Amino acid sequence: MPLLSTLRSMLSAPFKSDELEHELDEELQSYLDLLIEEKTRAGMDPAQARSQALIELGGAEQVKATVRETRHGAALDMLVHDIRFTLRMLRRSPGFAAVFVITLAIGIGANTALFSTIKALLLSQLPYQEPDRLVASVKTYEGRNAGPISRLDFFDYRRLCKSFEGFCTLSSTTRMTLTGGERAEAVGVVFATWDLFPTLGVPPVLGRKFSESEEDLAGANVAVIGHDLWQRRFGGSDRAIGASLHLNGTPYEVIGVMPAGFRFLFDTDLWVVIDRDCPIDEQRDSHSLWAVGRLKDGVSLEQAQSDVDAVAVILEAEYPETNKAKGLRLYPLRDYMVAHVRASLNLLIATTGLLLLIACINVAGLQLARGQRRVAEMAMRSALGASRRRLIRQLLTESVILTVLAGLVGIVVAYLFHNLLLRLLPMGDPGVPVPTIDGAVLLFALAISVVTGLVVGIVPALRGTSLNVWQKLESSNRTSESKSGTRLRSLLVVVQVAMSVGLLIGCGLLIRSMVNLASVNIGFETENVIGGTYAIQTDDQSTTPERVEVFASLIAEIKAQPGVTDAAAITKLPIASRGTDWPIWHAAEPRPEPRDSIMGLTRAVTPGYFSTIGIPLLRGRDFTATDAEGTAPVVIISEALVRDLFPDQSPLGQMVKLGWFDFAFEVVGVVGNARINGVRSDFDQAIYLSSGQFGPPFQWLVVRTEGDPDLMADQIRKLVEEKDRTAILGELVTLKALVDEDLTGFRVVMLALGLLSLVAMLLTAVGLYGVLAYHVSERTNEFGIRTALGAAPIDLTGLIMKKGLLMVGVGLAVGFVGASLSSRLIRQLLFEIEPLDPLAYAGGALFFGAVAVIACLMPAWRAARVNTVAALRSE
Amino acid sequence: MAENTTQILRGTLDMLILKTISLAPMHGLGISRRIEQITDGVFQVKPGSLFPALHRMEQEAWISGDWGESENNRRAKYYELTAAGRARLGEEKQGWSHLVLTIGKVLEAS
């Protein structure tokens, strides 16, 4: 490392200079003494000998100055000299410098941008106390992951497991209506056991955390609020503590405020303690909570897992009906929080890594070619006394200066890449730091620049100075081709081709998946439909018929608006709101065991919902206003459920039981399947209940319009807010936007990979072109002779094409093998497509092949146009 | 000083010094005298070029200097060849013979 050693000697020079100076004095004195002695012995008298010796020494101070110069100044001089030399050289070949800098800037930029994401998701500390000891968990059935855990199971795990210092559970975010202040608002609420905050090791900034006794208290109704809600609702005042918040009509006492920026797993406005009265998971086979634990000091994840497994066995013996084959699997918290982005991230890491490699190979190839042209220069400098080390140092300084320049440009590339694409990547769960381009990221850019500079510089530097310089000097007027140099470059191009083709194949697979996703029949219409949450005050409208009436009259008024064709309500809008899968079975049969249950996504809807959103009614009837409280319970199921439940009989009129209701429902209708859990999810078993029979206080309003639904949003909002000032209408979103957003993460990964592989392909084409063009210029003489002897231009073109296409062919073959071996990386991201999809392979190969042929044709064409006379004269 | 001395070709002084101390460690004056003696006084190495060369090569780690006693019990800094120096000497010798050969060819060619 020339820069480092130079720096070191520059730094150490002032400290060592006294000692060196002293030693030099002594050395010169001893030289003088020896000289005098020599002369005295030769017969001179001492005085004469002395003066003669002094003359011969030629001035001690002058000698010392020269030594000092060579010694101290050398390192610094060398560096300054090298830098000036490099700059002079770059001014002479700006094209080389530009290609070098831009090529590497792309590679360094992409890697720097991705590093910001890696740093946030994988390297940074999670913002909790000793986060490495935190574990998250997922329920399993027969060893397969199966979502959240039941509250009753959780309490048993907490009581019986010995591995945890703290073991707590929390619900996902529930929307609730907050009243009691100036204005009502919809807030997110997470239910948690008392030990959530102690387990995470984050105390409130104001007030206190939950106490253990509050969990045993029926109706403790205490809440810890987030920093945002504290500012919004209480202006950040101390008076918040002890204040009362009405959530869905029930008063909660505020006991604490969490610090700004505190987030954990689910975004929420406040946390409410799970007390004895809490309605969540009253049955052991109802699962809606997520358990998180802090391992005791020194307890490993494996030890904790076997501890948990043992408790699962106890529970299975005690509750065979609900806990058969049920277990709990622990994960390190960070792995759990970034699990759903891991596949995309791994793919992008591999891609940017390959891109940098391809860029490095291009630049190294460029340097090798240049090195062969600089043979004469190196030989000359070597003859003039430059050591090999000195020459290598000079060449490395050159490439490091260039790569550091590339690093600076790369930072701009990184910034663009990060802001355009990576910011849109799906990130980890709330609580995982957000990626930013900060000092550490910039340092990373600088570090990879220097390392890259050394890597791409070292081989050309060693080669450029290795062959016996004198031999080179002998033949300096013929930039003689080194056979092994060309072979090395060809090999590098083959590697590049293989990597680019691999990337293109990956890209092809993602494009095919995207096409599949775009053509998925989502089962409902996205055009001209808009929806928003609507929450009414339960304390004002306490009975089911009253609540039903509020929604019914509002829907009727919306429908009467000009431009509105239909309106209805549903408890969970497709895609926007997911989950709530309940078991469903024949009413005549006993309730099936959980692992054998047929599950359906359960929603309550108002009459007219299906026609509003465009889900076809296939058999039977829609709900009507007469399906109200007190009438026989009815249900409409999706086609997929009919297939599962009634494969060979008519579903209409059948009685089913579902969820935790102890009464049966009559199937009155069948509707089409719909992707209500997200475009990628094929969970299309759906159970629709009549909201007239339950009167949910919180539903999504769904409105179908004649024109652009966005233009109707204000009109709808005005109407709804005038009707009831205490109710809350959430943000209105179109279904089209929801579907788009659902695919954004995937699209970003596809775009990022597409962009990177395109750049990789271009770089490879440039590399291919470079090697062939160099090859052609090397053989100009030979081609001249061939033409003179009667070779047709087409023969020469063929000669070069053959060489180029051979490299491409070998590269393609290696690329295919590489791509198929690394299909594990991409499998998880694919949608309804095999990782070895022949179309993607063929497409990648063809696309690359076409570009490669162009890259080969240009130099080949030039070979055919070699001017015989000029070529021979240049000899 | 003497008129019949030849300017030492730049780059060859290193080779001469390395060769001189390759047999036994020597101090500055010793090196200087030895080169003079072998070349029958054609090459005279003056302190002004000897010491910078010694120090430069010491920094390159081709030679290492150590204080010792001269034959007349005077303190003097003795230089000896390192492994890297020995390799360097080999390179220089080879390079030199090639250069001589090549230049010879050039001179004979015309």
# chains A, B, ... in the order shown; residues from 1 in each chain; ligands from 1
$ select_by_dssp --residues "region 156-290 of chain A" --states "strand (DSSP E or B)" --output "PyMOL selection string"
chain A and resi 164-171+174-179+185-192+206-207+222-225+244-247+250-257+264+266+270-273+289-290
$ interface_residues --of "chain B" --to "chain A" --cutoff "6 Å" --atoms "only C-alpha atoms" --output "list in words"
Gly11, Pro47, Gly48, Pro52 and Ala76 of chain B
$ residues_around --residues "region 59-71 of chain B" --least-positions-apart "4" --cutoff "7 Å" --atoms "only C-alpha atoms" --output "PyMOL selection string"
chain B and resi 55+75-82+84-85
$ write_last_selection --atoms "N, CA, C and O atoms" --output "PDB file, in the first residue's frame"
ATOM      1  N   HIS B  55      22.147   5.369   2.058  1.00  0.00           N
ATOM      2  CA  HIS B  55      20.923   5.580   2.852  1.00  0.00           C
ATOM      3  C   HIS B  55      19.667   5.229   2.078  1.00  0.00           C
ATOM      4  O   HIS B  55      18.701   4.727   2.635  1.00  0.00           O
ATOM      5  N   ARG B  75      35.302   3.328  15.753  1.00  0.00           N
ATOM      6  CA  ARG B  75      33.894   3.020  15.519  1.00  0.00           C
ATOM      7  C   ARG B  75      33.533   3.388  14.074  1.00  0.00           C
ATOM      8  O   ARG B  75      33.881   4.473  13.604  1.00  0.00           O
ATOM      9  N   ALA B  76      32.804   2.505  13.381  1.00  0.00           N
ATOM     10  CA  ALA B  76      32.378   2.810  12.011  1.00  0.00           C
ATOM     11  C   ALA B  76      31.098   2.049  11.700  1.00  0.00           C
ATOM     12  O   ALA B  76      30.837   1.004  12.292  1.00  0.00           O
ATOM     13  N   LYS B  77      30.312   2.617  10.789  1.00  0.00           N
ATOM     14  CA  LYS B  77      29.055   1.943  10.432  1.00  0.00           C
ATOM     15  C   LYS B  77      29.318   0.986   9.276  1.00  0.00           C
ATOM     16  O   LYS B  77      29.758   1.411   8.210  1.00  0.00           O
ATOM     17  N   TYR B  78      29.047  -0.296   9.526  1.00  0.00           N
ATOM     18  CA  TYR B  78      29.293  -1.332   8.528  1.00  0.00           C
ATOM     19  C   TYR B  78      27.995  -1.684   7.806  1.00  0.00           C
ATOM     20  O   TYR B  78      26.966  -1.864   8.435  1.00  0.00           O
ATOM     21  N   TYR B  79      28.076  -1.755   6.486  1.00  0.00           N
ATOM     22  CA  TYR B  79      26.885  -2.123   5.713  1.00  0.00           C
ATOM     23  C   TYR B  79      27.016  -3.537   5.203  1.00  0.00           C
ATOM     24  O   TYR B  79      28.091  -3.946   4.763  1.00  0.00           O
ATOM     25  N   GLU B  80      25.890  -4.302   5.292  1.00  0.00           N
ATOM     26  CA  GLU B  80      25.917  -5.634   4.688  1.00  0.00           C
ATOM     27  C   GLU B  80      24.662  -5.848   3.842  1.00  0.00           C
ATOM     28  O   GLU B  80      23.655  -5.153   4.006  1.00  0.00           O
ATOM     29  N   LEU B  81      24.773  -6.849   2.949  1.00  0.00           N
ATOM     30  CA  LEU B  81      23.699  -7.125   1.997  1.00  0.00           C
ATOM     31  C   LEU B  81      22.557  -7.872   2.695  1.00  0.00           C
ATOM     32  O   LEU B  81      22.793  -8.773   3.492  1.00  0.00           O
ATOM     33  N   THR B  82      21.318  -7.505   2.403  1.00  0.00           N
ATOM     34  CA  THR B  82      20.181  -8.286   2.896  1.00  0.00           C
ATOM     35  C   THR B  82      19.773  -9.258   1.790  1.00  0.00           C
ATOM     36  O   THR B  82      20.305  -9.202   0.676  1.00  0.00           O
ATOM     37  N   ALA B  84      16.959  -9.259   0.199  1.00  0.00           N
ATOM     38  CA  ALA B  84      16.362  -8.482  -0.888  1.00  0.00           C
ATOM     39  C   ALA B  84      17.456  -7.842  -1.728  1.00  0.00           C
ATOM     40  O   ALA B  84      17.353  -7.743  -2.950  1.00  0.00           O
ATOM     41  N   GLY B  85      18.541  -7.418  -1.045  1.00  0.00           N
ATOM     42  CA  GLY B  85      19.660  -6.787  -1.739  1.00  0.00           C
ATOM     43  C   GLY B  85      20.360  -7.773  -2.660  1.00  0.00           C
ATOM     44  O   GLY B  85      20.744  -7.436  -3.778  1.00  0.00           O
TER      45      GLY B  85
END
$ residues_around --residues "Leu420 (chain A)" --least-positions-apart "4" --cutoff "10 Å" --atoms "only C-alpha atoms" --output "mmCIF file with C-alpha atoms, in the first residue's frame"
data_model
loop_
_atom_site.group_PDB
_atom_site.id
_atom_site.type_symbol
_atom_site.label_atom_id
_atom_site.label_comp_id
_atom_site.auth_asym_id
_atom_site.auth_seq_id
_atom_site.Cartn_x
_atom_site.Cartn_y
_atom_site.Cartn_z
ATOM 1 C CA ALA A 414 -25.282 5.922 -5.056
ATOM 2 C CA TYR A 415 -27.391 8.891 -4.063
ATOM 3 C CA LEU A 416 -29.478 8.688 -7.231
ATOM 4 C CA LEU A 424 -39.104 2.197 -2.253
ATOM 5 C CA VAL A 748 -38.827 -2.051 -7.295
ATOM 6 C CA ALA A 752 -33.408 -2.460 -9.624
#
$ atom_distance --atom1 "CA of Pro651 (chain A)" --atom2 "CA of Ile687 (chain A)"
13.1 Å
$ closest_residue --among "A:Leu295, A:Leu104, A:Pro148, A:Thr250" --to "Phe167 (chain A)" --atoms "only C-alpha atoms"
A:Leu295
$ closest_residue --among "A:Ala186, A:Val808, A:Ala260, A:Ile794" --to "Val205 (chain A)" --atoms "only C-alpha atoms"
A:Ala260
$ atom_distance --atom1 "CA of Tyr688 (chain A)" --atom2 "CA of Glu557 (chain A)"
24.1 Å
$ select_by_dssp --residues "chain B" --states "helix (DSSP H, G or I)" --output "JSON, numbers by chain"
{"B": [12, 13, 14, 15, 16, 17, 18, 19, 20, 21, 28, 29, 30, 31, 32, 33, 34, 35, 36, 37, 38, 47, 48, 49, 50, 51, 52, 53, 54, 55, 56, 57, 58, 59, 83, 84, 85, 86, 87, 88, 89, 90, 91, 92, 93, 94, 95, 96, 97, 98, 99, 100, 101, 102, 103, 104, 105, 106, 107, 108, 109]}
$ residues_around --residues "Leu16 (chain B)" --least-positions-apart "3" --cutoff "12 Å" --atoms "only C-alpha atoms" --output "PyMOL selection string"
chain B and resi 8-13+19-22+31-32+34-36+38-39+43-45+50+53-54+88-90+92-93+96
$ residues_around --residues "Val432 (chain A)" --least-positions-apart "3" --cutoff "10 Å" --atoms "only C-alpha atoms" --output "list in words"
Ala120, Leu121, Leu122, Ser124, Gln125, Leu126, Pro127, Arg263, Phe264, Leu265, Arg334, Met337, Val338, Met427, Gly428, Asp429 and Pro435 of chain A
$ residues_around --residues "Gly508 (chain A)" --least-positions-apart "4" --cutoff "10 Å" --atoms "only C-alpha atoms" --output "list in words"
Gly502, Leu503, Leu504, Arg512, Ser513, Met514, Met750, Leu753, Gly754, Asp837, Leu839, Ala840, Tyr841, Ala842, Gly843 and Gly844 of chain A
$ write_last_selection --atoms "N, CA and C atoms" --output "compact mmCIF listing (two decimals), in the first residue's frame"
# COMPACT_ATOMS: atom_id res chain seq x y z
N GLY A 502 -26.13 -14.56 -16.33
CA GLY A 502 -26.80 -14.98 -15.11
C GLY A 502 -27.76 -13.91 -14.61
N LEU A 503 -27.29 -12.67 -14.61
CA LEU A 503 -28.15 -11.56 -14.16
C LEU A 503 -29.35 -11.39 -15.08
N LEU A 504 -29.11 -11.47 -16.38
CA LEU A 504 -30.21 -11.30 -17.32
C LEU A 504 -31.26 -12.39 -17.14
N ARG A 512 -41.02 -12.30 -16.04
CA ARG A 512 -42.07 -13.30 -16.25
C ARG A 512 -43.03 -13.33 -15.05
N SER A 513 -42.46 -13.23 -13.84
CA SER A 513 -43.32 -13.21 -12.65
C SER A 513 -44.23 -11.99 -12.66
N MET A 514 -43.64 -10.85 -13.07
CA MET A 514 -44.41 -9.61 -13.09
C MET A 514 -45.57 -9.74 -14.07
N MET A 750 -37.64 -5.67 -9.18
CA MET A 750 -37.51 -6.00 -10.59
C MET A 750 -36.78 -4.87 -11.34
N LEU A 753 -33.08 -4.75 -10.29
CA LEU A 753 -32.33 -5.84 -10.90
C LEU A 753 -32.21 -5.60 -12.41
N GLY A 754 -33.31 -5.13 -13.02
CA GLY A 754 -33.30 -4.86 -14.46
C GLY A 754 -32.25 -3.83 -14.82
N ASP A 837 -37.20 -21.74 -15.57
CA ASP A 837 -38.07 -21.44 -16.70
C ASP A 837 -37.27 -21.31 -18.00
N LEU A 839 -38.03 -20.21 -20.88
CA LEU A 839 -38.23 -18.97 -21.62
C LEU A 839 -37.30 -17.87 -21.10
N ALA A 840 -37.17 -17.79 -19.77
CA ALA A 840 -36.29 -16.78 -19.19
C ALA A 840 -34.84 -17.05 -19.59
N TYR A 841 -34.46 -18.33 -19.60
CA TYR A 841 -33.09 -18.68 -19.99
C TYR A 841 -32.84 -18.32 -21.44
N ALA A 842 -33.79 -18.73 -22.29
CA ALA A 842 -33.62 -18.47 -23.72
C ALA A 842 -33.62 -16.96 -23.96
N GLY A 843 -34.52 -16.26 -23.29
CA GLY A 843 -34.62 -14.81 -23.46
C GLY A 843 -33.33 -14.12 -23.07
N GLY A 844 -32.80 -14.51 -21.90
CA GLY A 844 -31.55 -13.91 -21.42
C GLY A 844 -30.43 -14.15 -22.43
$ decode --residues "region 57-179 of chain A" --atoms "C-alpha atoms" --output "mmCIF file, in the first residue's frame"
data_model
loop_
_atom_site.group_PDB
_atom_site.id
_atom_site.type_symbol
_atom_site.label_atom_id
_atom_site.label_comp_id
_atom_site.auth_asym_id
_atom_site.auth_seq_id
_atom_site.Cartn_x
_atom_site.Cartn_y
_atom_site.Cartn_z
ATOM 1 C CA LEU A 57 34.867 14.885 2.096
ATOM 2 C CA GLY A 58 33.591 17.777 0.057
ATOM 3 C CA GLY A 59 31.724 19.617 2.799
ATOM 4 C CA ALA A 60 30.003 17.593 5.547
ATOM 5 C CA GLU A 61 26.922 19.817 5.493
ATOM 6 C CA GLN A 62 26.404 19.322 1.776
ATOM 7 C CA VAL A 63 26.658 15.557 2.112
ATOM 8 C CA LYS A 64 24.232 15.590 4.986
ATOM 9 C CA ALA A 65 21.751 17.679 3.017
ATOM 10 C CA THR A 66 21.815 15.260 0.105
ATOM 11 C CA VAL A 67 21.326 12.287 2.400
ATOM 12 C CA ARG A 68 18.500 14.064 4.190
ATOM 13 C CA GLU A 69 16.840 14.760 0.892
ATOM 14 C CA THR A 70 16.978 11.176 -0.254
ATOM 15 C CA ARG A 71 15.960 9.936 3.132
ATOM 16 C CA HIS A 72 13.142 12.116 4.506
ATOM 17 C CA GLY A 73 11.819 13.721 1.405
ATOM 18 C CA ALA A 74 11.846 10.537 -0.574
ATOM 19 C CA ALA A 75 8.491 9.178 0.457
ATOM 20 C CA LEU A 76 6.637 12.461 0.140
ATOM 21 C CA ASP A 77 8.458 13.375 -3.041
ATOM 22 C CA MET A 78 7.633 10.057 -4.501
ATOM 23 C CA LEU A 79 3.937 10.496 -3.739
ATOM 24 C CA VAL A 80 3.792 14.032 -5.076
ATOM 25 C CA HIS A 81 5.737 12.918 -8.091
ATOM 26 C CA ASP A 82 3.463 9.944 -8.673
ATOM 27 C CA ILE A 83 0.335 12.055 -8.354
ATOM 28 C CA ARG A 84 1.671 14.689 -10.714
ATOM 29 C CA PHE A 85 2.753 12.026 -13.120
ATOM 30 C CA THR A 86 -0.682 10.417 -12.964
ATOM 31 C CA LEU A 87 -2.477 13.698 -13.587
ATOM 32 C CA ARG A 88 -0.182 14.488 -16.507
ATOM 33 C CA MET A 89 -0.783 11.078 -17.951
ATOM 34 C CA LEU A 90 -4.548 11.411 -17.520
ATOM 35 C CA ARG A 91 -4.529 14.730 -19.317
ATOM 36 C CA ARG A 92 -2.834 12.947 -22.166
ATOM 37 C CA SER A 93 -5.418 10.140 -22.307
ATOM 38 C CA PRO A 94 -8.721 11.621 -21.098
ATOM 39 C CA GLY A 95 -10.735 8.913 -22.865
ATOM 40 C CA PHE A 96 -9.070 6.176 -20.886
ATOM 41 C CA ALA A 97 -9.583 8.107 -17.654
ATOM 42 C CA ALA A 98 -13.251 8.773 -18.407
ATOM 43 C CA VAL A 99 -14.067 5.145 -19.234
ATOM 44 C CA PHE A 100 -12.163 3.983 -16.172
ATOM 45 C CA VAL A 101 -13.876 6.425 -13.810
ATOM 46 C CA ILE A 102 -17.413 6.011 -15.150
ATOM 47 C CA THR A 103 -17.232 2.219 -15.256
ATOM 48 C CA LEU A 104 -16.058 1.920 -11.687
ATOM 49 C CA ALA A 105 -18.326 4.741 -10.492
ATOM 50 C CA ILE A 106 -21.336 2.663 -11.520
ATOM 51 C CA GLY A 107 -20.047 -0.382 -9.681
ATOM 52 C CA ILE A 108 -19.031 1.543 -6.586
ATOM 53 C CA GLY A 109 -22.227 3.620 -6.621
ATOM 54 C CA ALA A 110 -24.569 0.650 -6.761
ATOM 55 C CA ASN A 111 -22.712 -1.083 -3.952
ATOM 56 C CA THR A 112 -22.604 2.043 -1.812
ATOM 57 C CA ALA A 113 -26.336 2.595 -2.212
ATOM 58 C CA LEU A 114 -27.056 -0.978 -1.284
ATOM 59 C CA PHE A 115 -24.689 -0.759 1.647
ATOM 60 C CA SER A 116 -26.931 1.927 3.154
ATOM 61 C CA THR A 117 -29.749 -0.612 3.127
ATOM 62 C CA ILE A 118 -27.605 -3.450 4.410
ATOM 63 C CA LYS A 119 -26.319 -1.242 7.182
ATOM 64 C CA ALA A 120 -29.801 -0.275 8.331
ATOM 65 C CA LEU A 121 -31.363 -3.707 8.037
ATOM 66 C CA LEU A 122 -28.573 -6.050 8.955
ATOM 67 C CA LEU A 123 -25.728 -4.228 10.677
ATOM 68 C CA SER A 124 -27.144 -1.477 12.842
ATOM 69 C CA GLN A 125 -28.187 -2.039 16.425
ATOM 70 C CA LEU A 126 -31.918 -2.378 16.944
ATOM 71 C CA PRO A 127 -32.985 0.462 19.235
ATOM 72 C CA TYR A 128 -33.633 -1.720 22.281
ATOM 73 C CA GLN A 129 -31.481 -2.672 25.231
ATOM 74 C CA GLU A 130 -29.064 -5.525 24.374
ATOM 75 C CA PRO A 131 -31.085 -6.373 21.259
ATOM 76 C CA ASP A 132 -29.059 -9.526 20.614
ATOM 77 C CA ARG A 133 -30.826 -11.263 23.477
ATOM 78 C CA LEU A 134 -34.303 -10.535 22.108
ATOM 79 C CA VAL A 135 -36.185 -13.295 20.311
ATOM 80 C CA ALA A 136 -39.469 -13.303 18.407
ATOM 81 C CA SER A 137 -41.663 -16.338 17.908
ATOM 82 C CA VAL A 138 -44.070 -17.945 15.485
ATOM 83 C CA LYS A 139 -46.619 -20.642 16.251
ATOM 84 C CA THR A 140 -46.144 -23.952 14.423
ATOM 85 C CA TYR A 141 -48.429 -26.821 13.486
ATOM 86 C CA GLU A 142 -46.561 -30.051 12.830
ATOM 87 C CA GLY A 143 -43.389 -28.025 12.480
ATOM 88 C CA ARG A 144 -44.755 -25.595 9.905
ATOM 89 C CA ASN A 145 -44.961 -21.895 10.730
ATOM 90 C CA ALA A 146 -48.559 -20.894 11.356
ATOM 91 C CA GLY A 147 -48.705 -17.276 12.499
ATOM 92 C CA PRO A 148 -49.646 -15.812 15.863
ATOM 93 C CA ILE A 149 -50.001 -17.523 19.221
ATOM 94 C CA SER A 150 -53.030 -17.869 21.492
ATOM 95 C CA ARG A 151 -53.243 -15.752 24.628
ATOM 96 C CA LEU A 152 -53.917 -18.734 26.908
ATOM 97 C CA ASP A 153 -50.984 -20.666 25.415
ATOM 98 C CA PHE A 154 -48.809 -17.604 25.891
ATOM 99 C CA PHE A 155 -49.588 -17.383 29.598
ATOM 100 C CA ASP A 156 -48.576 -21.026 30.003
ATOM 101 C CA TYR A 157 -45.336 -20.510 28.103
ATOM 102 C CA ARG A 158 -44.510 -17.483 30.208
ATOM 103 C CA ARG A 159 -45.221 -19.386 33.412
ATOM 104 C CA LEU A 160 -43.341 -22.579 32.492
ATOM 105 C CA CYS A 161 -40.339 -21.466 30.396
ATOM 106 C CA LYS A 162 -37.175 -20.891 32.385
ATOM 107 C CA SER A 163 -34.987 -19.458 29.603
ATOM 108 C CA PHE A 164 -36.398 -15.963 29.497
ATOM 109 C CA GLU A 165 -35.646 -12.909 31.563
ATOM 110 C CA GLY A 166 -38.843 -11.444 30.140
ATOM 111 C CA PHE A 167 -41.495 -12.966 27.890
ATOM 112 C CA CYS A 168 -44.291 -10.728 26.657
ATOM 113 C CA THR A 169 -46.908 -10.678 23.966
ATOM 114 C CA LEU A 170 -48.569 -8.023 21.863
ATOM 115 C CA SER A 171 -51.347 -7.797 19.309
ATOM 116 C CA SER A 172 -51.041 -6.283 15.871
ATOM 117 C CA THR A 173 -52.494 -2.790 15.461
ATOM 118 C CA THR A 174 -56.243 -2.397 15.874
ATOM 119 C CA ARG A 175 -58.008 0.756 14.685
ATOM 120 C CA MET A 176 -60.080 2.428 17.371
ATOM 121 C CA THR A 177 -61.999 5.655 17.705
ATOM 122 C CA LEU A 178 -60.474 8.091 20.135
ATOM 123 C CA THR A 179 -62.814 10.687 21.643
#
